[in-house]
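Take a look at the structure set out below.
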Amino acid sequence: MTEFPKCCSEDSLYEFEQKERRRLTDAAKSSSKRAHFKSKPQLKPESKPQPKLKHADQQHFQQWQEHRHRVKNMDCNVDCRAPAFQAARQTGVNGLYPNAVAFMERTKKNIQMLVELSKIIRTHGVINPFRYDRVYTSSCLPYTINKLERIDEENLDIAKRILDVVSELDTGLKSKSKSKKCRRGQKLKPFTMNEEPLAKYRGYNIEMPQTDKERWRLFRPHIYFDIYLKDSRPLGRIVVELYTEAAPVVVLELVRACASNQHKNFVIRRLFPDLWLNVECNAMSGNSELFKPLEYDAKVIDHGASSYVLSFSKDYLQGFRNHLSFSLSFKPLSVANGSRVGFGRVIKNSRIFDSLQSYGTKNGVLRRSITFTGCGIV
């Protein structure tokens with residue numbers, strides 16, 4: 001036993017011993033009970049035997065189990081998800097503009113109503129049917145008048161500039177400018193020509209013209225053609241100078257056709273860009289001299305010296321078959337010397353052919369129809 005201090009009394013010491021004994025006996029009893037419960041084996045609950053079912057009840061029970069299995073594995077086809085959030089409907093974005101317009105109109109009407117109320121308050125309800133002050137109305141008439149005056153001034157300036165312009169293209173219209181009158185008053189240049197082409201005519205006693213004007217008209221006649229792009233616009237007028245000594249019969253037929261303005265008989269058949277265009281003339285009569293052997297001089301015009309030369313092939317020296325066929329070159333072609341006979345060249349408005357070449361193909365087929373609307377003698 002434990003030793004207690006000597007200061008304790010006998011009564012208190014006795015009570016303490018009794019309490020200690022009770023505590024120890026209670027602890028011993030509890031430990032023995034625990035050991036007793038641990039030593040006993042735990043018995044499993046006996047399963048009660050299930051009563052045997054009849055055949056009908058057993059079949060009903062089996063159907064019930066199958067139904068229960070089907071119910072457990074059933075999938076729901078009902079959409080249980082939350083509805084989609086419609087931002088435009090919830091926020092009202094689509095109705096902002098109409099609401100703003102309605103708000104502005106309502107505000108405008110309220111302001112007008114307040115103005116009318118202020119008038120009524122100031123006039124104490126007195127209404128004057130007569131209006132002495134001028135009503136201010138906004139009109140675009142002054143602005144329109146100023147704009148028309150400005151347009152008229154610009155048109156006058158453009159007209160002045162157009163009148164001062166001197167055209168380099170011969171459009172076929174008679175001009176009233178002073179430059180034409182000055183040109184008419186100029187003296188005619190003296191006609192000079194090599195005597196070799198005329199040496200073969202000395203034995204025929206042909207009377208040659210005496211004045212320069214007659215010589216120019218005989219040996220260097222000038223003809224013109226008005227070219228038109230079909231369904232679009234006129235391209236302008238070209239002037240051609242013919243050389244009579246090169247091919248007298250061909251030049252004579254062309255002069256006759258142009259003198260009678262037979263522009264419908266001239267047709268552009270083929271056009272090769274950067275090379276030449278081929279023209280056919282159907283103005284020949286049945287007794288024309290073009291069907292007979294032709295007189296020519298191929299040395300009069302050098303094809304390699306200049307461009308825009310009119311010529312025909314030497315295959316037609318024995319006479320043209322059905323129509324007069326000639327070509328016009330777009331550039332100097334020295335290879336044509338010896339195979340073609342040149343009898344004229346373009347001396348005015350040759351720049352028309354620069355725009356004309358864009359309407360041809362490498363095979364010579366015309367992309368757009370090009371016609372002659374007029375011809376004549378200058």
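Chain labels A, B, ... are given in the sequence in which chains occur in the structure tokens; within each chain residues are numbered consecutively from 1, and ligands are likewise numbered from 1 in the order shown.
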Q: Using DSSP on the backbone coordinates, identify all residues within range 94-301 of chain A classified as helix (DSSP H, G or I); present the result as a PyMOL selection string.
A: chain A and resi 96-123+141-164+178-185+199-204+212-219+248-259+263-265+289-291
Q: Find the residues around range 312-320 of chain A up to 6 Å (only C-alpha atoms counted), leave out those fewer than 2 positions away in its own chain, and share them as a list of chain:residue names.
A: A:Leu290, A:Phe291, A:Lys292, A:Pro293, A:Leu294, A:Phe326, A:Ser339, A:Arg340, A:Val341
Q. Out of A:Leu324, A:Ser260, A:Lys119, A:Trp216, which residue has the shortest atom-to-atom distance to Leu188 in chain A when counting only C-alpha atoms?
A.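 Among A:Leu324, A:Ser260, A:Lys119, A:Trp216, it is A:Trp216 that comes nearest to Leu188 in chain A.
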Q) Quick one: distance from CA of Ala246 in chain A to CA of Gly344 in chain A in Å, one decimal? A)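 Taking CA of Ala246 in chain A and CA of Gly344 in chain A, their separation equals 8.5 Å.
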**Q.** All strand (DSSP E or B) residues (DSSP, backbone) inside range 134-328 of chain A, as a VMD selection string
**A.** chain A and resid 170 222 to 229 233 to 242 266 to 272 276 to 281 309 to 313 324 to 328
(Q) I'd like to know which of A:Glu245, A:Glu289, A:Glu207, A:Asp231 is closest to Phe343 in chain A, using only C-alpha atoms. (A) A:Glu245
Q: Within 6 Å of Ile227 in chain A, counting only C-alpha atoms, which residues show up once you throw out same-chain ones fewer than 2 positions away? Write them as a ChimeraX atom specification, please.
A: /A:235-236,371-372
